[in-house]
Amino acid sequence: MLLRTRDVDKSYETAGGRQPVLSDVSFDLGAGETLALTGESGSGKSTLMHLLAGLDTPDRGTIEIEGTDIAAQDDAGRARLRRGTVGLIFQQFNLIPSLDVRDNLSFHARLAGRDPGDVAALAERLGLSDHLRRYPEQLSGGQQQRVAIGRTLLAAPRLVLADEPTGNLDEATGDAMIALMRESVTQMGAALLMVTHSTRLAAQLDRRLHLRAGRLAEDLPA
């Protein structure tokens with residue numbers, strides 16, 4: 001099992017006391033699987049994604065990626081996981097302004113010590129072939145989103161965590177990016193967990209988890 005989450009709780013201190021955000025969250029995700037995470041705003045989706053990425057730690061429970069309990073790692077250990085094992089696609093593009101599209105695409109792969117492979121071929125799949133020498137400020141939001149998706153896939157992570165990765169794309173382009181992520185995950189023997197508000201997009205993945213008030217309400221075929 002690539003990802004194993006067991007009995008995860010998370011709460012935050014507020015002016016009114018401790019506010020629970022996640023309670024007893026448990027699920028598995030195997031290599032080659034794709035999973036959609038849905039839920040209303042405030043249901044705990046972003047908190048869960050941050051925990052899975054090692055950007056925060058649970059109050060209780062375990063999160064294991066390929067047998068490694070990420071909560072038991074120090075900051076440097078969790079950073080190594082994000083560099084080599086976990087790929088993040090968040091709504092903030094976080095592209096490097098001083099690098100052109102080609103170098104932004106290959107950045108994470110090189111950071112992980114991996115050959116980025118055929119950047120031009122992926123750029124064509126992303127619809128970015130004519131923009132490889134442009135810089136982020138010269139791109140639209142949708143183009144920057146596609147660079148962020150490609151950058152993560154070129155690094156060949158074992159687990160891809162994507163938070164609304166098609167939010168800045170039109171429907172046809174978004175569908176093409178979902179297909180690309182699915183294909184890449186299958187080829188890499190990796191796994192994809194994607195947060196989405198769209199039941200239409202969720203239906204394109206293998207399974208769907210639904211968070212309601214911090215608890216998993218469903219684990220269904222998408």
# chains A, B, ... in the order shown; residues from 1 in each chain; ligands from 1
>>> closest_atom_pairs(of="stretch 32-108 of chain A", to="stretch 116-135 of chain A", cutoff="9 Å", atoms="only C-alpha atoms", output="Markdown table")
| residue | atom | partner | partner_atom | distance |
| --- | --- | --- | --- | --- |
| A:Ile96 | CA | A:Tyr135 | CA | 8.7 |
| A:Pro97 | CA | A:Tyr135 | CA | 6.5 |
| A:Ser98 | CA | A:Tyr135 | CA | 7.2 |
| A:Leu99 | CA | A:Tyr135 | CA | 6.3 |
| A:Asp100 | CA | A:Tyr135 | CA | 4.4 |
| A:Val101 | CA | A:Leu132 | CA | 4.7 |
| A:Arg102 | CA | A:Leu132 | CA | 4.9 |
| A:Asp103 | CA | A:Leu132 | CA | 8.3 |
| A:Asn104 | CA | A:Tyr135 | CA | 8.9 |
| A:Leu105 | CA | A:Val119 | CA | 7.2 |
| A:Ser106 | CA | A:Pro116 | CA | 5.5 |
| A:Phe107 | CA | A:Pro116 | CA | 8.3 |
| A:His108 | CA | A:Pro116 | CA | 8.5 |
>>> residues_around(residues="A:Thr5", least_positions_apart="3", cutoff="12 Å", atoms="only C-alpha atoms", output="PDB file with N, CA and C atoms, in the first residue's frame")
ATOM      1  N   MET A   1       0.846  -1.195   0.000  1.00  0.00           N
ATOM      2  CA  MET A   1       0.000   0.000   0.000  1.00  0.00           C
ATOM      3  C   MET A   1       0.880   1.243   0.000  1.00  0.00           C
ATOM      4  N   LEU A   2       0.638   2.145  -0.933  1.00  0.00           N
ATOM      5  CA  LEU A   2       1.490   3.323  -1.048  1.00  0.00           C
ATOM      6  C   LEU A   2       1.198   4.335   0.052  1.00  0.00           C
ATOM      7  N   VAL A   8      -6.683   9.490  12.006  1.00  0.00           N
ATOM      8  CA  VAL A   8      -6.052  10.812  12.055  1.00  0.00           C
ATOM      9  C   VAL A   8      -7.023  11.852  12.613  1.00  0.00           C
ATOM     10  N   ASP A   9      -6.569  12.559  13.638  1.00  0.00           N
ATOM     11  CA  ASP A   9      -7.289  13.699  14.210  1.00  0.00           C
ATOM     12  C   ASP A   9      -6.431  14.946  14.045  1.00  0.00           C
ATOM     13  N   SER A  23     -11.416  14.161  12.194  1.00  0.00           N
ATOM     14  CA  SER A  23     -11.651  13.176  13.251  1.00  0.00           C
ATOM     15  C   SER A  23     -11.680  11.769  12.664  1.00  0.00           C
ATOM     16  N   ASP A  24     -10.797  10.900  13.191  1.00  0.00           N
ATOM     17  CA  ASP A  24     -10.804   9.471  12.853  1.00  0.00           C
ATOM     18  C   ASP A  24     -10.757   9.213  11.352  1.00  0.00           C
ATOM     19  N   VAL A  25      -9.877   9.906  10.661  1.00  0.00           N
ATOM     20  CA  VAL A  25      -9.765   9.727   9.207  1.00  0.00           C
ATOM     21  C   VAL A  25      -8.855   8.544   8.905  1.00  0.00           C
ATOM     22  N   SER A  26      -9.386   7.541   8.213  1.00  0.00           N
ATOM     23  CA  SER A  26      -8.631   6.350   7.842  1.00  0.00           C
ATOM     24  C   SER A  26      -8.968   5.968   6.405  1.00  0.00           C
ATOM     25  N   PHE A  27      -7.950   5.763   5.596  1.00  0.00           N
ATOM     26  CA  PHE A  27      -8.147   5.241   4.239  1.00  0.00           C
ATOM     27  C   PHE A  27      -6.799   4.785   3.679  1.00  0.00           C
ATOM     28  N   ASP A  28      -6.857   3.984   2.631  1.00  0.00           N
ATOM     29  CA  ASP A  28      -5.666   3.497   1.944  1.00  0.00           C
ATOM     30  C   ASP A  28      -5.705   3.926   0.489  1.00  0.00           C
ATOM     31  N   LEU A  29      -4.524   4.035  -0.105  1.00  0.00           N
ATOM     32  CA  LEU A  29      -4.406   4.348  -1.523  1.00  0.00           C
ATOM     33  C   LEU A  29      -3.248   3.544  -2.084  1.00  0.00           C
ATOM     34  N   GLY A  30      -3.552   2.678  -3.059  1.00  0.00           N
ATOM     35  CA  GLY A  30      -2.524   1.807  -3.606  1.00  0.00           C
ATOM     36  C   GLY A  30      -1.847   2.384  -4.829  1.00  0.00           C
ATOM     37  N   LEU A  48      -6.316  18.056   5.483  1.00  0.00           N
ATOM     38  CA  LEU A  48      -5.866  16.690   5.204  1.00  0.00           C
ATOM     39  C   LEU A  48      -4.743  16.695   4.177  1.00  0.00           C
ATOM     40  N   MET A  49      -4.865  17.502   3.137  1.00  0.00           N
ATOM     41  CA  MET A  49      -3.802  17.558   2.125  1.00  0.00           C
ATOM     42  C   MET A  49      -2.487  18.030   2.725  1.00  0.00           C
ATOM     43  N   LEU A  51      -1.525  17.639   5.805  1.00  0.00           N
ATOM     44  CA  LEU A  51      -0.992  16.548   6.624  1.00  0.00           C
ATOM     45  C   LEU A  51      -0.337  15.481   5.749  1.00  0.00           C
ATOM     46  N   LEU A  52      -0.987  15.131   4.644  1.00  0.00           N
ATOM     47  CA  LEU A  52      -0.440  14.105   3.756  1.00  0.00           C
ATOM     48  C   LEU A  52       0.872  14.565   3.127  1.00  0.00           C
ATOM     49  N   PRO A  58      -0.395  15.462  12.428  1.00  0.00           N
ATOM     50  CA  PRO A  58      -1.671  15.184  13.102  1.00  0.00           C
ATOM     51  C   PRO A  58      -1.528  15.221  14.611  1.00  0.00           C
ATOM     52  N   ARG A  60      -3.244  13.069  16.398  1.00  0.00           N
ATOM     53  CA  ARG A  60      -3.320  11.644  16.708  1.00  0.00           C
ATOM     54  C   ARG A  60      -3.410  10.875  15.400  1.00  0.00           C
ATOM     55  N   GLY A  61      -2.947   9.629  15.426  1.00  0.00           N
ATOM     56  CA  GLY A  61      -3.034   8.787  14.249  1.00  0.00           C
ATOM     57  C   GLY A  61      -1.735   8.760  13.461  1.00  0.00           C
ATOM     58  N   THR A  62      -1.729   7.962  12.405  1.00  0.00           N
ATOM     59  CA  THR A  62      -0.527   7.791  11.588  1.00  0.00           C
ATOM     60  C   THR A  62      -0.839   8.008  10.114  1.00  0.00           C
ATOM     61  N   ILE A  63       0.156   8.536   9.423  1.00  0.00           N
ATOM     62  CA  ILE A  63       0.120   8.686   7.972  1.00  0.00           C
ATOM     63  C   ILE A  63       1.410   8.075   7.447  1.00  0.00           C
ATOM     64  N   GLU A  64       1.286   6.961   6.733  1.00  0.00           N
ATOM     65  CA  GLU A  64       2.460   6.266   6.203  1.00  0.00           C
ATOM     66  C   GLU A  64       2.476   6.346   4.688  1.00  0.00           C
ATOM     67  N   ILE A  65       3.637   6.708   4.150  1.00  0.00           N
ATOM     68  CA  ILE A  65       3.871   6.697   2.713  1.00  0.00           C
ATOM     69  C   ILE A  65       4.972   5.697   2.444  1.00  0.00           C
ATOM     70  N   GLU A  66       4.624   4.624   1.743  1.00  0.00           N
ATOM     71  CA  GLU A  66       5.538   3.512   1.495  1.00  0.00           C
ATOM     72  C   GLU A  66       6.181   3.036   2.793  1.00  0.00           C
ATOM     73  N   GLY A  67       5.367   2.936   3.838  1.00  0.00           N
ATOM     74  CA  GLY A  67       5.817   2.393   5.109  1.00  0.00           C
ATOM     75  C   GLY A  67       6.496   3.382   6.025  1.00  0.00           C
ATOM     76  N   THR A  68       6.701   4.615   5.584  1.00  0.00           N
ATOM     77  CA  THR A  68       7.354   5.629   6.411  1.00  0.00           C
ATOM     78  C   THR A  68       6.293   6.515   7.058  1.00  0.00           C
ATOM     79  N   ASP A  69       6.295   6.576   8.388  1.00  0.00           N
ATOM     80  CA  ASP A  69       5.368   7.437   9.120  1.00  0.00           C
ATOM     81  C   ASP A  69       5.882   8.863   9.023  1.00  0.00           C
ATOM     82  N   ILE A  70       5.188   9.686   8.244  1.00  0.00           N
ATOM     83  CA  ILE A  70       5.722  11.018   7.979  1.00  0.00           C
ATOM     84  C   ILE A  70       5.664  11.902   9.218  1.00  0.00           C
ATOM     85  N   ALA A  71       4.733  11.636  10.135  1.00  0.00           N
ATOM     86  CA  ALA A  71       4.651  12.441  11.347  1.00  0.00           C
ATOM     87  C   ALA A  71       5.848  12.201  12.261  1.00  0.00           C
ATOM     88  N   LEU A 216     -14.804  11.172   7.266  1.00  0.00           N
ATOM     89  CA  LEU A 216     -15.054  10.552   5.988  1.00  0.00           C
ATOM     90  C   LEU A 216     -16.458   9.993   5.975  1.00  0.00           C
TER      91      LEU A 216
END
>>> select_by_dssp(residues="stretch 172-208 of chain A", states="strand (DSSP E or B)", output="number ranges by chain")
A: 191-195, 207-208
>>> closest_atom_pairs(of="stretch 147-171 of chain A", to="stretch 72-92 of chain A", cutoff="6 Å", atoms="only C-alpha atoms", output="CSV")
residue,atom,partner,partner_atom,distance
A:Thr152,CA,A:Gly87,CA,5.5
A:Pro157,CA,A:Thr85,CA,4.8
A:Arg158,CA,A:Thr85,CA,5.1
A:Leu159,CA,A:Val86,CA,4.8
A:Val160,CA,A:Gly87,CA,4.7
A:Leu161,CA,A:Leu88,CA,5.0
A:Ala162,CA,A:Ile89,CA,4.5
A:Asp163,CA,A:Phe90,CA,4.9
>>> closest_residue(among="A:Gly32, A:Gly150, A:Gly39, A:Pro20", to="A:Thr186", atoms="only C-alpha atoms")
A:Gly32
>>> select_by_dssp(residues="stretch 44-129 of chain A", states="helix (DSSP H, G or I)", output="ChimeraX atom specification")
/A:45-52,70-72,75-84,101-111,119-126,129
>>> write_last_selection(atoms="C-alpha atoms", output="PDB file, in the first residue's frame")
ATOM      1  CA  LYS A  45      -9.918  18.848   2.720  1.00  0.00           C
ATOM      2  CA  SER A  46      -7.049  21.347   2.730  1.00  0.00           C
ATOM      3  CA  THR A  47      -6.018  20.346   6.252  1.00  0.00           C
ATOM      4  CA  LEU A  48      -5.866  16.690   5.204  1.00  0.00           C
ATOM      5  CA  MET A  49      -3.802  17.558   2.125  1.00  0.00           C
ATOM      6  CA  HIS A  50      -1.322  19.504   4.259  1.00  0.00           C
ATOM      7  CA  LEU A  51      -0.992  16.548   6.624  1.00  0.00           C
ATOM      8  CA  LEU A  52      -0.440  14.105   3.756  1.00  0.00           C
ATOM      9  CA  ILE A  70       5.722  11.018   7.979  1.00  0.00           C
ATOM     10  CA  ALA A  71       4.651  12.441  11.347  1.00  0.00           C
ATOM     11  CA  ALA A  72       7.645  10.716  12.929  1.00  0.00           C
ATOM     12  CA  ASP A  75      11.379  18.844   9.197  1.00  0.00           C
ATOM     13  CA  ALA A  76      14.347  17.781   7.071  1.00  0.00           C
ATOM     14  CA  GLY A  77      12.931  14.280   6.654  1.00  0.00           C
ATOM     15  CA  ARG A  78       9.547  15.586   5.567  1.00  0.00           C
ATOM     16  CA  ALA A  79      11.266  17.981   3.137  1.00  0.00           C
ATOM     17  CA  ARG A  80      13.131  15.016   1.618  1.00  0.00           C
ATOM     18  CA  LEU A  81       9.814  13.200   1.155  1.00  0.00           C
ATOM     19  CA  ARG A  82       8.346  16.201  -0.661  1.00  0.00           C
ATOM     20  CA  ARG A  83      11.453  16.491  -2.816  1.00  0.00           C
ATOM     21  CA  GLY A  84      11.632  12.863  -3.898  1.00  0.00           C
ATOM     22  CA  VAL A 101       8.889  27.497 -18.807  1.00  0.00           C
ATOM     23  CA  ARG A 102      11.407  24.826 -19.870  1.00  0.00           C
ATOM     24  CA  ASP A 103      13.481  25.266 -16.720  1.00  0.00           C
ATOM     25  CA  ASN A 104      10.438  25.543 -14.452  1.00  0.00           C
ATOM     26  CA  LEU A 105       9.175  22.240 -15.874  1.00  0.00           C
ATOM     27  CA  SER A 106      12.441  20.431 -15.162  1.00  0.00           C
ATOM     28  CA  PHE A 107      13.217  22.138 -11.841  1.00  0.00           C
ATOM     29  CA  HIS A 108      11.740  19.598  -9.412  1.00  0.00           C
ATOM     30  CA  ALA A 109      13.144  16.623 -11.307  1.00  0.00           C
ATOM     31  CA  ARG A 110      16.638  18.081 -11.128  1.00  0.00           C
ATOM     32  CA  LEU A 111      16.133  18.977  -7.461  1.00  0.00           C
ATOM     33  CA  VAL A 119      10.610  18.128 -21.626  1.00  0.00           C
ATOM     34  CA  ALA A 120       9.555  19.132 -25.135  1.00  0.00           C
ATOM     35  CA  ALA A 121       7.259  16.101 -25.487  1.00  0.00           C
ATOM     36  CA  LEU A 122       5.503  16.873 -22.210  1.00  0.00           C
ATOM     37  CA  ALA A 123       5.253  20.552 -23.128  1.00  0.00           C
ATOM     38  CA  GLU A 124       3.393  19.508 -26.264  1.00  0.00           C
ATOM     39  CA  ARG A 125       0.931  17.455 -24.193  1.00  0.00           C
ATOM     40  CA  LEU A 126       0.483  20.486 -21.943  1.00  0.00           C
ATOM     41  CA  SER A 129       5.311  24.069 -26.928  1.00  0.00           C
TER      42      SER A 129
END
>>> atom_distance(atom1="atom CA of A:Gly17", atom2="atom CA of A:Ser43")
18.5 Å
>>> residues_around(residues="A:Arg212", least_positions_apart="2", cutoff="10 Å", atoms="only C-alpha atoms", output="PDB file with C-alpha atoms, in the first residue's frame")
ATOM      1  CA  LEU A  22     -10.436  16.156  11.222  1.00  0.00           C
ATOM      2  CA  THR A  38     -14.642  15.978  -2.221  1.00  0.00           C
ATOM      3  CA  GLY A  39     -16.434  17.966   0.463  1.00  0.00           C
ATOM      4  CA  GLU A  40     -17.908  21.351   1.256  1.00  0.00           C
ATOM      5  CA  SER A  41     -15.716  24.335   2.121  1.00  0.00           C
ATOM      6  CA  GLY A  42     -14.515  23.931   5.706  1.00  0.00           C
ATOM      7  CA  SER A  43     -14.894  20.153   5.694  1.00  0.00           C
ATOM      8  CA  GLY A  44     -11.153  19.605   6.251  1.00  0.00           C
ATOM      9  CA  LYS A  45      -9.918  18.848   2.720  1.00  0.00           C
ATOM     10  CA  LEU A 209     -13.791  10.014  -0.658  1.00  0.00           C
ATOM     11  CA  HIS A 210     -16.206  12.578   0.748  1.00  0.00           C
ATOM     12  CA  GLY A 214     -13.982  16.481   9.262  1.00  0.00           C
ATOM     13  CA  ARG A 215     -15.107  12.883   8.952  1.00  0.00           C
ATOM     14  CA  LEU A 216     -15.054  10.552   5.988  1.00  0.00           C
ATOM     15  CA  ALA A 217     -18.647  10.040   4.983  1.00  0.00           C
ATOM     16  CA  GLU A 218     -18.113   7.898   1.905  1.00  0.00           C
TER      17      GLU A 218
END
>>> atom_distance(atom1="atom CA of A:His197", atom2="atom CA of A:Leu153")
22.2 Å
>>> atom_distance(atom1="atom CA of A:Glu33", atom2="atom CA of A:Ala156")
15.1 Å
>>> closest_residue(among="A:Asp59, A:Gly54, A:Gly16, A:Thr166", to="A:Thr196", atoms="only C-alpha atoms")
A:Thr166
>>> residues_around(residues="A:Thr173", least_positions_apart="2", cutoff="12 Å", atoms="only C-alpha atoms", output="VMD selection string")
chain A and resid 125 to 127 142 to 143 145 to 146 165 to 171 175 to 180
>>> closest_residue(among="A:Gln204, A:Thr34, A:Thr57, A:Asn94", to="A:Val185", atoms="only C-alpha atoms")
A:Thr34
>>> closest_residue(among="A:Leu95, A:Leu205, A:Ala213, A:Ala53", to="A:Leu192", atoms="only C-alpha atoms")
A:Leu205
